Every structure is written in structure tokens, then in C-alpha cells.
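Enquirer: Below is entry05.txt; it holds compact mmCIF, C-alpha atoms.
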```
# COMPACT_ATOMS: atom_id res chain seq x y z
CA MET A 213 34.81 0.21 0.66
CA LEU A 214 33.57 1.00 4.15
CA GLU A 215 31.50 -1.63 5.95
CA ALA A 216 28.55 -1.10 8.28
CA LYS A 217 30.76 -1.36 11.36
CA ASP A 218 33.06 1.35 10.02
CA TRP A 219 30.13 3.74 9.54
CA LEU A 220 28.87 2.91 13.03
CA ALA A 221 32.33 3.68 14.45
CA ARG A 222 32.34 7.01 12.61
CA ILE A 223 28.91 7.89 13.96
CA HIS A 224 29.94 6.94 17.50
CA ALA A 225 32.99 9.19 17.13
CA LEU A 226 30.81 12.24 16.35
CA PRO A 227 30.38 14.83 19.12
CA LEU A 228 26.65 14.28 19.65
CA ASP A 229 25.68 16.79 22.30
CA ARG A 230 21.88 16.71 21.91
CA PRO A 231 19.11 14.37 20.74
CA MET A 232 19.00 14.17 16.95
CA ARG A 233 15.93 12.69 15.34
CA ILE A 234 16.21 11.32 11.81
CA MET A 235 13.08 10.45 9.86
CA ASN A 236 12.85 7.93 7.03
CA VAL A 237 9.84 7.87 4.70
CA CYS A 238 10.14 4.44 3.17
CA GLY A 239 8.90 1.05 4.36
CA GLY A 240 11.95 -0.58 2.79
CA HIS A 241 14.24 1.67 4.81
CA GLU A 242 12.32 0.96 8.00
CA ARG A 243 12.50 -2.78 7.37
CA SER A 244 16.25 -2.69 6.79
CA ILE A 245 16.82 -0.47 9.84
CA SER A 246 14.74 -2.77 12.03
CA MET A 247 16.21 -6.02 10.69
CA ALA A 248 19.77 -4.81 11.13
CA GLY A 249 19.00 -3.53 14.63
CA LEU A 250 20.35 -0.08 13.81
CA ARG A 251 18.27 1.63 16.54
CA THR A 252 20.17 -0.16 19.29
CA ALA A 253 23.52 0.00 17.48
CA LEU A 254 23.45 3.80 17.20
CA PRO A 255 24.35 6.22 20.01
CA LYS A 256 21.47 7.00 22.37
CA GLN A 257 21.18 10.58 21.14
CA VAL A 258 20.30 9.40 17.64
CA GLN A 259 16.64 8.52 17.30
CA LEU A 260 15.27 6.98 14.12
CA ILE A 261 11.66 7.72 13.25
CA ALA A 262 9.53 5.84 10.73
CA GLY A 263 7.56 8.44 8.77
CA PRO A 264 5.06 8.29 5.90
CA GLY A 265 6.54 5.40 3.92
CA CYS A 266 3.64 3.03 3.44
CA PRO A 267 1.25 3.69 0.55
CA VAL A 268 -1.10 0.92 1.62
CA CYS A 269 -1.40 2.49 5.09
CA VAL A 270 -2.59 5.84 3.72
CA CYS A 271 -4.73 4.48 0.90
CA PRO A 272 -8.15 6.12 1.43
CA GLU A 273 -10.60 3.94 3.28
CA GLU A 274 -13.22 4.91 0.67
CA ASP A 275 -11.03 3.46 -2.10
CA VAL A 276 -10.67 0.13 -0.27
CA TYR A 277 -14.44 0.15 0.36
CA GLN A 278 -15.11 0.81 -3.31
CA ALA A 279 -12.78 -2.04 -4.33
CA ILE A 280 -14.62 -4.41 -1.98
CA GLN A 281 -18.00 -3.32 -3.37
CA LEU A 282 -16.82 -3.73 -6.97
CA ALA A 283 -15.53 -7.21 -6.21
CA ALA A 284 -18.65 -8.26 -4.31
CA HIS A 285 -21.42 -6.65 -6.36
CA ALA A 286 -20.21 -5.69 -9.84
CA GLY A 287 -19.06 -9.12 -10.97
CA VAL A 288 -15.59 -7.90 -11.80
CA ILE A 289 -12.25 -9.60 -11.36
CA LEU A 290 -10.55 -7.38 -8.80
CA VAL A 291 -6.75 -7.52 -8.87
CA ALA A 292 -4.51 -5.75 -6.37
CA PHE A 293 -1.04 -5.96 -4.90
CA GLY A 294 -1.21 -8.62 -2.18
CA ASP A 295 -0.75 -6.12 0.66
CA MET A 296 -4.14 -4.54 -0.06
CA LEU A 297 -6.21 -7.67 0.47
CA ARG A 298 -6.29 -7.58 4.26
CA VAL A 299 -6.67 -3.81 4.75
CA PRO A 300 -9.83 -3.29 6.84
CA VAL A 301 -12.60 -0.75 6.24
CA ASN A 302 -15.17 0.57 8.70
CA VAL A 303 -18.41 -1.32 8.18
CA ALA A 304 -21.12 -2.70 10.41
CA LYS A 305 -20.60 -6.15 11.86
CA GLY A 306 -21.39 -8.85 9.36
CA GLU A 307 -20.53 -6.74 6.30
CA LEU A 308 -17.45 -7.38 4.21
CA ARG A 309 -14.52 -5.77 5.98
CA SER A 310 -11.68 -6.47 3.53
CA LEU A 311 -10.97 -7.75 0.04
CA GLU A 312 -9.87 -10.98 1.67
CA GLN A 313 -13.31 -11.39 3.23
CA ALA A 314 -14.94 -10.57 -0.12
CA LYS A 315 -12.81 -13.28 -1.70
CA ALA A 316 -13.80 -15.77 1.01
CA ALA A 317 -17.43 -14.87 0.33
CA GLY A 318 -16.99 -15.84 -3.32
CA ALA A 319 -15.85 -12.61 -5.01
CA ASP A 320 -13.17 -12.95 -7.68
CA VAL A 321 -10.26 -11.19 -5.96
CA ARG A 322 -6.75 -11.99 -7.15
CA PRO A 323 -3.45 -10.82 -5.68
CA ILE A 324 -0.85 -9.79 -8.24
CA ALA A 325 2.83 -8.86 -8.02
CA SER A 326 3.09 -6.79 -11.21
CA PRO A 327 0.90 -4.58 -13.44
CA ARG A 328 1.80 -7.03 -16.23
CA GLU A 329 -0.25 -9.69 -14.45
CA ALA A 330 -3.28 -7.39 -14.53
CA VAL A 331 -2.93 -7.13 -18.31
CA GLN A 332 -2.52 -10.90 -18.66
CA ILE A 333 -5.60 -11.60 -16.54
CA ALA A 334 -7.64 -9.15 -18.63
CA GLN A 335 -6.40 -10.79 -21.84
CA GLN A 336 -7.27 -14.25 -20.53
CA ASN A 337 -10.78 -13.15 -19.53
CA PRO A 338 -12.03 -11.00 -22.43
CA GLU A 339 -15.68 -11.49 -21.42
CA ARG A 340 -15.09 -10.14 -17.89
CA GLN A 341 -14.38 -6.67 -16.51
CA VAL A 342 -11.07 -6.54 -14.69
CA VAL A 343 -10.35 -3.75 -12.19
CA PHE A 344 -6.77 -3.16 -11.04
CA PHE A 345 -6.82 -1.50 -7.61
CA ALA A 346 -3.41 0.17 -7.61
CA ALA A 347 -1.99 1.85 -4.53
CA GLY A 348 1.63 2.90 -4.41
CA PHE A 349 4.23 5.63 -4.41
CA GLU A 350 6.16 6.94 -7.42
CA THR A 351 8.27 3.77 -7.75
CA THR A 352 5.13 1.68 -8.24
CA MET A 353 3.19 4.28 -10.20
CA ALA A 354 5.86 4.52 -12.92
CA PRO A 355 5.32 0.85 -13.89
CA VAL A 356 1.53 1.40 -13.74
CA ALA A 357 1.94 4.38 -16.08
CA ALA A 358 4.10 2.27 -18.39
CA MET A 359 1.39 -0.39 -18.43
CA LEU A 360 -1.24 2.16 -19.55
CA ILE A 361 1.01 3.68 -22.20
CA GLU A 362 2.08 0.33 -23.63
CA GLY A 363 -1.61 -0.40 -24.11
CA VAL A 364 -4.12 -2.37 -22.07
CA PRO A 365 -7.19 -4.39 -23.11
CA ASP A 366 -10.56 -2.56 -23.15
CA ASN A 367 -11.87 -4.68 -20.29
CA LEU A 368 -9.13 -3.49 -17.88
CA SER A 369 -9.68 -0.38 -15.77
CA LEU A 370 -7.76 1.18 -12.90
CA LEU A 371 -8.91 2.15 -9.43
CA LEU A 372 -5.91 4.37 -8.84
CA SER A 373 -4.71 5.34 -5.36
CA GLY A 374 -1.20 6.50 -6.25
CA ARG A 375 0.56 8.96 -4.00
CA LEU A 376 3.68 11.15 -4.13
CA THR A 377 6.14 10.92 -1.27
CA TRP A 378 7.61 14.39 -0.91
CA PRO A 379 4.35 16.34 -0.33
CA ALA A 380 3.73 14.47 2.94
CA VAL A 381 7.19 15.48 4.17
CA SER A 382 6.53 19.03 3.00
CA MET A 383 3.24 19.03 4.93
CA LEU A 384 5.02 17.81 8.08
CA LEU A 385 7.72 20.46 7.78
CA ASP A 386 5.17 23.22 7.10
CA SER A 387 3.16 22.15 10.16
CA GLY A 388 5.79 23.65 12.44
CA GLU A 389 5.89 20.50 14.54
CA ALA A 390 7.80 18.13 12.31
CA GLY A 391 9.40 16.32 15.24
CA PHE A 392 12.60 15.47 13.41
CA HIS A 393 15.90 17.22 12.64
CA ALA A 394 17.05 15.45 9.49
CA LEU A 395 15.65 13.37 6.65
CA VAL A 396 16.79 10.15 5.00
CA ALA A 397 15.14 10.28 1.57
CA PRO A 398 13.82 7.16 -0.19
CA GLY A 399 16.27 5.52 -2.59
CA HIS A 400 13.96 4.04 -5.17
CA VAL A 401 11.61 7.01 -5.30
CA ALA A 402 14.74 9.07 -6.06
CA THR A 403 15.89 6.45 -8.58
CA VAL A 404 12.72 7.20 -10.55
CA MET A 405 12.14 10.90 -9.79
CA GLY A 406 15.71 12.12 -9.21
CA PRO A 407 17.23 13.34 -5.95
CA GLU A 408 16.40 16.98 -6.77
CA GLU A 409 12.83 16.52 -5.52
CA TRP A 410 14.21 16.56 -1.98
CA SER A 411 16.22 19.76 -2.20
CA PHE A 412 13.27 21.71 -0.75
CA VAL A 413 14.06 20.09 2.62
CA VAL A 414 17.49 21.73 2.58
CA GLU A 415 16.66 24.96 0.80
CA GLN A 416 13.27 25.84 2.30
CA HIS A 417 13.61 24.24 5.73
CA HIS A 418 17.36 24.36 6.31
CA MET A 419 17.28 20.69 7.25
CA PRO A 420 19.94 18.09 6.33
CA ALA A 421 18.83 15.40 3.90
CA ALA A 422 20.49 12.38 2.31
CA VAL A 423 19.14 9.87 -0.18
CA ALA A 424 19.84 6.29 0.96
CA GLY A 425 19.68 2.84 -0.55
CA PHE A 426 18.51 -0.18 1.37
CA THR A 427 21.63 -1.85 2.71
CA PRO A 428 22.78 -0.98 6.25
CA VAL A 429 25.94 0.49 4.66
CA SER A 430 23.99 2.96 2.54
CA LEU A 431 21.58 3.83 5.36
CA LEU A 432 24.41 4.38 7.85
CA ALA A 433 26.31 6.50 5.34
CA ALA A 434 23.21 8.69 4.97
CA MET A 435 22.77 8.94 8.75
CA TYR A 436 26.41 9.87 9.18
CA SER A 437 26.02 12.53 6.51
CA VAL A 438 22.97 14.21 8.08
CA LEU A 439 24.37 13.98 11.63
CA ARG A 440 27.60 15.60 10.50
CA GLN A 441 25.63 18.30 8.71
CA LEU A 442 23.72 19.00 11.93
CA ILE A 443 26.90 19.15 14.01
CA GLU A 444 28.84 21.30 11.58
CA ASP A 445 25.79 23.43 10.80
CA LYS A 446 26.16 22.84 7.08
CA ARG A 447 23.23 21.82 4.95
CA PHE A 448 23.20 20.02 1.62
CA LEU A 449 21.36 17.22 -0.12
CA ASP A 450 23.64 14.18 -0.07
CA ASN A 451 23.25 11.18 -2.34
CA CYS A 452 24.34 7.99 -0.57
CA TYR A 453 22.87 5.72 -3.25
CA PRO A 454 24.67 7.02 -6.36
CA GLU A 455 24.77 3.55 -7.92
CA LEU A 456 21.08 3.87 -8.76
CA VAL A 457 20.11 7.46 -8.07
CA LYS A 458 21.20 9.59 -11.02
CA PRO A 459 20.62 13.32 -11.51
CA GLU A 460 17.08 13.77 -12.89
CA GLY A 461 16.27 10.16 -11.98
CA ASN A 462 14.91 7.93 -14.72
CA PRO A 463 13.73 10.37 -17.41
CA VAL A 464 11.72 7.75 -19.30
CA ALA A 465 9.81 6.80 -16.17
CA ARG A 466 9.12 10.44 -15.34
CA ARG A 467 7.88 11.07 -18.87
CA HIS A 468 5.49 8.13 -18.60
CA LEU A 469 4.19 9.34 -15.24
CA ALA A 470 3.55 12.79 -16.67
CA GLN A 471 1.79 11.35 -19.72
CA ALA A 472 -0.49 8.85 -17.98
CA PHE A 473 -1.35 10.77 -14.82
CA GLU A 474 -2.15 14.21 -13.48
CA VAL A 475 -0.96 15.33 -10.07
CA THR A 476 -3.84 16.35 -7.80
CA ASP A 477 -4.61 17.14 -4.18
CA ALA A 478 -5.28 13.80 -2.51
CA ASN A 479 -6.69 12.29 0.63
CA TRP A 480 -4.44 10.28 2.97
CA ARG A 481 -6.29 7.94 5.28
CA GLY A 482 -6.59 9.35 8.77
CA ILE A 483 -4.48 12.36 7.80
CA GLY A 484 -6.60 14.35 5.36
CA VAL A 485 -6.00 16.06 2.04
CA ILE A 486 -2.38 16.87 1.19
CA PRO A 487 -1.85 19.29 -1.72
CA VAL A 488 -0.36 17.90 -4.96
CA SER A 489 0.15 14.49 -3.38
CA GLY A 490 -1.88 12.17 -5.59
CA TYR A 491 -1.92 10.72 -9.07
CA ALA A 492 -5.14 10.77 -11.11
CA ILE A 493 -5.62 9.19 -14.52
CA ALA A 494 -5.03 11.71 -17.31
CA PRO A 495 -7.98 12.51 -19.62
CA ALA A 496 -6.34 10.66 -22.51
CA TYR A 497 -6.67 7.41 -20.52
CA ALA A 498 -10.07 8.16 -18.93
CA ALA A 499 -11.56 5.14 -20.74
CA HIS A 500 -9.58 3.00 -18.30
CA ASP A 501 -10.62 4.87 -15.16
CA ALA A 502 -12.63 2.50 -12.95
CA ARG A 503 -14.12 5.48 -11.10
CA LEU A 504 -15.77 6.60 -14.34
CA ARG A 505 -16.63 3.08 -15.51
CA PHE A 506 -18.25 2.10 -12.19
CA PRO A 507 -19.42 5.34 -10.59
CA ASP A 508 -22.11 3.87 -8.32
CA PHE A 509 -20.15 1.88 -5.80
CA ASN A 510 -19.01 4.37 -3.21
CA ASP A 511 -21.20 5.03 -0.20
CA ALA A 512 -19.81 8.25 1.22
CA GLU A 513 -22.61 8.39 3.84
CA ARG A 514 -21.25 5.36 5.69
CA LYS A 515 -20.46 5.76 9.35
CA ARG A 516 -16.73 6.43 9.88
CA ALA A 517 -16.15 6.53 6.10
CA GLY A 518 -12.57 7.56 5.41
CA GLN A 519 -11.35 7.13 8.96
CA MET A 520 -8.96 4.74 10.58
CA PRO A 521 -10.61 1.91 12.54
CA PRO A 522 -11.83 2.85 16.06
CA GLY A 523 -8.97 3.05 18.56
CA CYS A 524 -6.35 2.66 15.82
CA ASP A 525 -3.44 5.11 15.95
CA CYS A 526 -2.10 4.33 12.46
CA ALA A 527 -2.37 7.94 11.33
CA ARG A 528 0.00 9.14 14.05
CA VAL A 529 2.31 6.17 13.40
CA VAL A 530 2.43 7.07 9.69
CA LEU A 531 3.30 10.68 10.50
CA GLY A 532 6.05 9.59 12.89
CA ARG A 533 4.31 11.28 15.83
CA ILE A 534 4.41 8.05 17.84
CA ASN A 535 6.28 4.77 17.60
CA PRO A 536 4.22 1.67 16.73
CA ASP A 537 4.46 0.24 20.25
CA GLN A 538 2.97 3.45 21.65
CA CYS A 539 -0.41 2.60 20.08
CA LYS A 540 -2.72 1.06 22.66
CA LEU A 541 -3.79 -1.68 20.27
CA TYR A 542 -0.25 -2.70 19.24
CA GLY A 543 0.33 -6.35 20.05
CA THR A 544 -2.85 -6.59 22.09
CA ALA A 545 -5.97 -6.15 19.95
CA CYS A 546 -3.86 -5.64 16.80
CA THR A 547 -1.38 -8.27 15.55
CA PRO A 548 -0.36 -9.41 12.07
CA LYS A 549 -2.72 -12.36 12.40
CA TYR A 550 -5.68 -10.17 13.44
CA PRO A 551 -4.78 -6.66 12.23
CA VAL A 552 -6.96 -3.71 13.17
CA GLY A 553 -5.14 -1.00 11.24
CA PRO A 554 -3.37 -0.94 7.88
CA CYS A 555 0.06 -0.35 9.48
CA MET A 556 -0.13 -3.89 10.91
CA VAL A 557 -1.21 -5.32 7.53
CA SER A 558 1.28 -4.03 5.00
CA ASP A 559 4.85 -5.28 4.70
CA GLU A 560 5.73 -1.59 4.58
CA GLY A 561 3.70 -0.64 7.63
CA ALA A 562 5.82 0.35 10.62
CA CYS A 563 3.73 -1.76 13.02
CA ARG A 564 4.06 -4.89 10.89
CA ILE A 565 7.83 -4.31 10.54
CA TRP A 566 8.39 -3.70 14.27
CA TRP A 567 6.35 -6.79 15.12
CA SER A 568 8.30 -8.95 12.65
CA THR A 569 11.56 -7.90 14.28
CA GLY A 570 10.35 -9.04 17.68
CA ILE A 571 9.16 -5.82 19.32
CA ARG A 572 6.15 -6.61 21.47
CA ALA A 573 3.63 -4.43 23.30
CA THR A 574 4.95 -2.10 25.96
CA GLU A 575 3.07 -1.74 29.23
CA HIS A 576 0.57 1.08 29.02
CA ALA A 577 0.13 2.95 32.24
CA MET B 21 7.43 -3.50 -1.91
CA CYS B 22 9.74 -0.57 -2.60
CA LEU B 23 12.80 -2.66 -1.91
CA GLY B 24 13.24 -3.96 -5.45
CA ILE B 25 15.07 -7.05 -6.57
CA PRO B 26 18.29 -6.96 -8.60
CA MET B 27 18.16 -9.37 -11.54
CA LYS B 28 20.52 -10.46 -14.28
CA ILE B 29 19.32 -10.33 -17.89
CA VAL B 30 19.56 -13.67 -19.71
CA SER B 31 17.64 -12.85 -22.90
CA ILE B 32 15.95 -9.84 -24.50
CA ASP B 33 12.96 -9.72 -26.87
CA GLY B 34 11.89 -6.14 -27.57
CA TYR B 35 10.88 -4.59 -24.24
CA ASN B 36 10.65 -8.02 -22.61
CA ALA B 37 13.60 -9.58 -20.89
CA ARG B 38 14.01 -12.92 -19.22
CA CYS B 39 15.86 -12.20 -16.02
CA GLU B 40 17.12 -14.33 -13.18
CA ALA B 41 18.16 -13.91 -9.59
CA LYS B 42 19.30 -16.67 -7.29
CA GLY B 43 18.02 -19.36 -9.62
CA VAL B 44 14.56 -17.80 -10.03
CA SER B 45 13.60 -16.74 -13.55
CA ARG B 46 11.08 -13.97 -14.40
CA GLU B 47 9.77 -11.97 -17.35
CA VAL B 48 10.72 -8.34 -16.78
CA SER B 49 9.65 -5.26 -18.73
CA LEU B 50 12.40 -2.97 -20.01
CA PHE B 51 9.80 -0.32 -21.01
CA LEU B 52 11.07 2.14 -18.38
CA LEU B 53 14.65 1.84 -19.67
CA GLN B 54 13.95 2.75 -23.31
CA GLY B 55 17.01 4.25 -24.93
CA GLU B 56 19.46 2.61 -22.52
CA ASP B 57 22.16 0.36 -23.92
CA ILE B 58 21.06 -2.89 -22.25
CA ASN B 59 22.74 -6.19 -22.97
CA ILE B 60 22.51 -9.80 -21.92
CA GLY B 61 24.47 -10.25 -18.70
CA ASP B 62 23.63 -6.75 -17.41
CA HIS B 63 22.03 -6.29 -14.00
CA VAL B 64 18.87 -4.27 -13.44
CA MET B 65 16.85 -3.24 -10.37
CA VAL B 66 13.38 -4.74 -10.77
CA HIS B 67 10.29 -3.32 -9.08
CA VAL B 68 6.84 -4.90 -9.60
CA GLY B 69 8.04 -6.58 -12.80
CA TYR B 70 9.64 -3.50 -14.35
CA ALA B 71 13.35 -2.69 -14.53
CA ILE B 72 13.68 0.84 -13.09
CA GLN B 73 17.45 1.29 -13.37
CA MET B 74 20.63 -0.43 -14.46
CA MET B 75 23.14 -1.43 -11.80
CA THR B 76 26.52 -3.05 -11.36
CA GLU B 77 27.00 -6.68 -10.44
CA GLN B 78 28.62 -5.61 -7.18
CA GLU B 79 25.59 -3.51 -6.18
CA ALA B 80 23.32 -6.42 -7.12
CA ARG B 81 25.29 -8.73 -4.84
CA SER B 82 25.07 -6.47 -1.80
CA THR B 83 21.29 -6.14 -2.24
CA TRP B 84 20.90 -9.92 -2.65
CA GLU B 85 22.72 -10.41 0.65
CA LEU B 86 20.31 -7.98 2.29
CA LEU B 87 17.28 -9.79 0.83
CA ASP B 88 18.64 -13.13 2.06
CA GLU B 89 18.95 -11.76 5.58
CA MET B 90 15.40 -10.38 5.46
CA LEU B 91 13.98 -13.67 4.20
CA ALA B 92 15.78 -15.55 6.95
CA ALA B 93 14.35 -13.15 9.52
CA GLU B 94 10.84 -13.57 8.05
CA ASP B 95 11.14 -17.34 8.30
CA SER B 96 12.08 -17.22 11.95
CA ASP B 97 9.17 -14.81 12.54
CA ALA B 98 6.61 -17.17 11.01
```
Now that the file is in, can you turn its structure into C-alpha cells?
Expert:
Amino acid sequence: MLEAKDWLARIHALPLDRPMRIMNVCGGHERSISMAGLRTALPKQVQLIAGPGCPVCVCPEEDVYQAIQLAAHAGVILVAFGDMLRVPVNVAKGELRSLEQAKAAGADVRPIASPREAVQIAQQNPERQVVFFAAGFETTMAPVAAMLIEGVPDNLSLLLSGRLTWPAVSMLLDSGEAGFHALVAPGHVATVMGPEEWSFVVEQHHMPAAVAGFTPVSLLAAMYSVLRQLIEDKRFLDNCYPELVKPEGNPVARRHLAQAFEVTDANWRGIGVIPVSGYAIAPAYAAHDARLRFPDFNDAERKRAGQMPPGCDCARVVLGRINPDQCKLYGTACTPKYPVGPCMVSDEGACRIWWSTGIRATEHA
Amino acid sequence: MCLGIPMKIVSIDGYNARCEAKGVSREVSLFLLQGEDINIGDHVMVHVGYAIQMMTEQEARSTWELLDEMLAAEDSDA
């Protein structure tokens, strides 16, 4: 079996005669790339871009606001994946800015690591309403769908902010200014949904694409594949994570997703509405929709509702238009300890990942 | 979050499995692998408490190595 250094040698041996920009759309990929130092190990012509791979970063500001209001004013137990707790919303000074602040102010906010914990908490507190604020891509939404289908207690409802990965890439490619030449597709999204979802990149946009796992070996194999496709002017969808990514993905998981949710147009924070990019709770499970159970907790008239925080360039970071250290706030006003934007909060946010691998603020002229 | 953790199955009770990785033991749902022939000793990729796919022991090992490196890097960052 080839090791990482072998793949690097193969890539360095390629006749790279022009800049080639490869986008990934997965926080796990970005973390592995950054940790392994692949950007500096690759030839200068190869540029790696972190694209829309962080569901927490694009979770609508209104949804976070609603979760904070439910926790603070509706007397519910609010459970969410830990990443969500520190995501800031735009409110006047002195108002609750995050779930973490709501928790500090006495609200019952609990971080969880699995949908199963949401069910357990609801079972243990039958006299309380429990709201599970669930943001995530397909890989996370399949377990959430399974949770609903397996059956949840009456007192558990979902504030769902699930998103699909491929429509954001499709939007970028349709925009005519994608800014990248090849795509590394997300390994665990493809494990669930199947690699076929990504064939539109090749067929409609004539762009090389390869599904990758999370080890440097798998990522480098995928990069080698798309670079070679660019050089030889051949295009196909490669699967460099065949151990887990099977044709058609995980059919049980896809069936559950289709049963529990409907695919709708959805808002991405700072980016806008992307067609067919969101999951909504299917009518059969409407009894567990927190938006229907608690309809009065969203103040759409708020100043800057839905936007990124002032001065924050997260939206352009998410779209791969700029690198994290090109944001004026990166490492100055915005650090993991005092994050301004969601990309510095989430473990899957490009800013948080770049910071954790030692990249500090560049001088801004 | 999307990284996933490979775990080894040590016992199975319906859709619930007790799994372990690197000495840590967890309850994992097998609900997304209905219909698969899953046995004690098999390895699965676990994401937010649900097994999303079966995998070989060798693939599990290479992912564990990666996770170790990431944890070490996190520690030095803290």
C-alpha cells in the first residue's frame, strides 16, 4: 500500500504548468489537511481551498436566535451539539448573544454528542419540554432521522437546521466564479448518500472530482487523481475512499432521511437561500417540529437578523473566496477564546482549524 | 464532527451495540445498518452515536492513528 510520502512524490512528479486550485467541502478534510501540513508539502502550483464544509458556520442566525429565546424564555431544556453553544447572534449589547450566555444566565442548555442523548434526556424529564437544536450535514442528519423513526418521547421536539452539501457546490459552480479547478468530495457524506451525488461536478461542469477519506493517504490519493485528470484533460468521478464509500451509499440511511425529512430551499447564514439545500421535518413527524410547537420565539424584525456579525468575513471564508487569515478580524478581534464569527467557533470552521494549526494573523496593509 | 470514530463491536442487543475504541466503551446504535450481517468483533464507523458503515480492522487502525495525531495537536494548541 502506498504511503503519504509516495503520493506526495507522485504529485511532485506531475507536470504542473499552471496554478491548480482544489476545493474541499468538509471540515474533517480541512482539519486533516491542516494538521498534516499538506499545503506546504504540495508543489506551489497546487492550492487547497476550504469550501462550504461547516454546518454550524452556515446555520441561520435566526435559528440560533430562536434556540436562545426558547432556552431563556420558554422553560425548555435545550440540547444541541456542543459546537452550537458558542455561536454568536446579532443582538443589542446586554442581550443574550449565544446559548452559552443563556446557560450562564440560568437557562437549561445541555451539550450532547448524539441524538440518543436527546432521547434519554427527554425520557428522564417527562414533565419538561426538551428541544433538540440539530444542525448538520447529511452524515449527521441520517442519525437524527433514525432517532425520529425509531420513536421519540412526546416531550421531545426538533429545531432542525440540517443542510445538504452538494447544492452549495452546485451554486458555486453555477455562479460562474467558482474559483477552483477540481473538487475533493466529502467521504462520510458519500458514505451515507453514495458517491453518485457528485457526478454532476464532472458531467455538468466538466470538472475533476474525487471522493476522499480523512487520512493524508486518502486525501493525497484524491488530489493526485484530480490533478492528473486536469493535466490529461480527462474527467471522471474517482472514489479514493472505497473502504467506506459504496455505490448508492448506505441505502438504509438514505431511506430514513427520505422518510423523516423533506428537502427544501434553505437559508445559509451570510450566503442566502440555496435551492434544495435544506432538510425540513416531514408532515408525518410534524408533532415533533419545534417550529410548530413554539411558533412565537423568532423576532424577524431584529436589526441585522440573519447576517454575520459586523466586520465578520465568515461567509466569504465558507465559500472559499478568501482564506481565513485574509479576514480582518482573524487573530485580532476574533480568536477561539473570543470568537466573533461562527467559523472561529466550530471545530469544523476553517478559521478555528487554521488557528489550531498555528496560523496567526497576517499583516493587513 | 464529520470525522467519525471507528469502533469495535463487543456485544449486540437488538439495534444497540456496546462498542469500544482505544479502551473507551460506548453504546452505539446499529439502526442505520439494518439488514447488514454484523457480528461481535466487527468494526464500524461511528458518527454521533450511530454506526454509518462497516469497515475493516486495517481501515479502523489507520483512522485511529489519524485521530491520535489530531488529539496530540489539540493538546499542544491548548
Enquirer: Show me, as a ChimeraX atom specification, the residues that have an atom within 9 Å of stretch 37-42 of chain B when counting all atoms listed in the file, minus same-chain residues fewer than 4 positions from it.
Expert: /B:25-33,46-50,60,63-64,84
Enquirer: Nearest to B:Leu86 among A:Ile245, A:Leu439, A:Cys546, A:Leu368, with distances taken over all atoms listed in the file: which residue is it?
Expert: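 The closest residue to B:Leu86 is A:Ile245.
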Enquirer: With a distance threshold of 8 Å and counting only C-alpha atoms, extract the residues of chain A near chain B and express them as JSON, numbers by chain.
Expert: {"A": [238, 239, 240, 244, 247, 325, 326, 327, 328, 351, 352, 354, 355, 358, 400, 403, 404, 426, 427, 455, 456, 462, 464, 465, 559, 560, 568, 569, 570]}
Enquirer: Between atom CA of A:Glu460 and atom CA of A:Ala494, measure the distance and give it in Å to one decimal.
Expert: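 Pair atom CA of A:Glu460 / atom CA of A:Ala494 returns 22.6 Å.
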Enquirer: In terms of the shortest atom-to-atom distance over all atoms listed in the file, which of A:Val429, A:Ala470, A:Ile534, A:Leu370 is closest to A:Glu215?
Expert: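 Using all atoms listed in the file, the shortest distance to A:Glu215 belongs to A:Val429.
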Enquirer: Excluding same-chain residues fewer than 6 positions from A:Ile223, what lies within 8 Å of it counting only C-alpha atoms, as a short mmCIF file (atom, residue, chain, number, x, y, z; two decimals) with C-alpha atoms, in the coordinates of the input?
Expert:
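Everything below was put into selection-v8.cif:
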```cif
data_model
loop_
_atom_site.label_atom_id
_atom_site.label_comp_id
_atom_site.auth_asym_id
_atom_site.auth_seq_id
_atom_site.Cartn_x
_atom_site.Cartn_y
_atom_site.Cartn_z
CA LEU A 254 23.45 3.80 17.20
CA PRO A 255 24.35 6.22 20.01
CA TYR A 436 26.41 9.87 9.18
CA LEU A 439 24.37 13.98 11.63
#
```
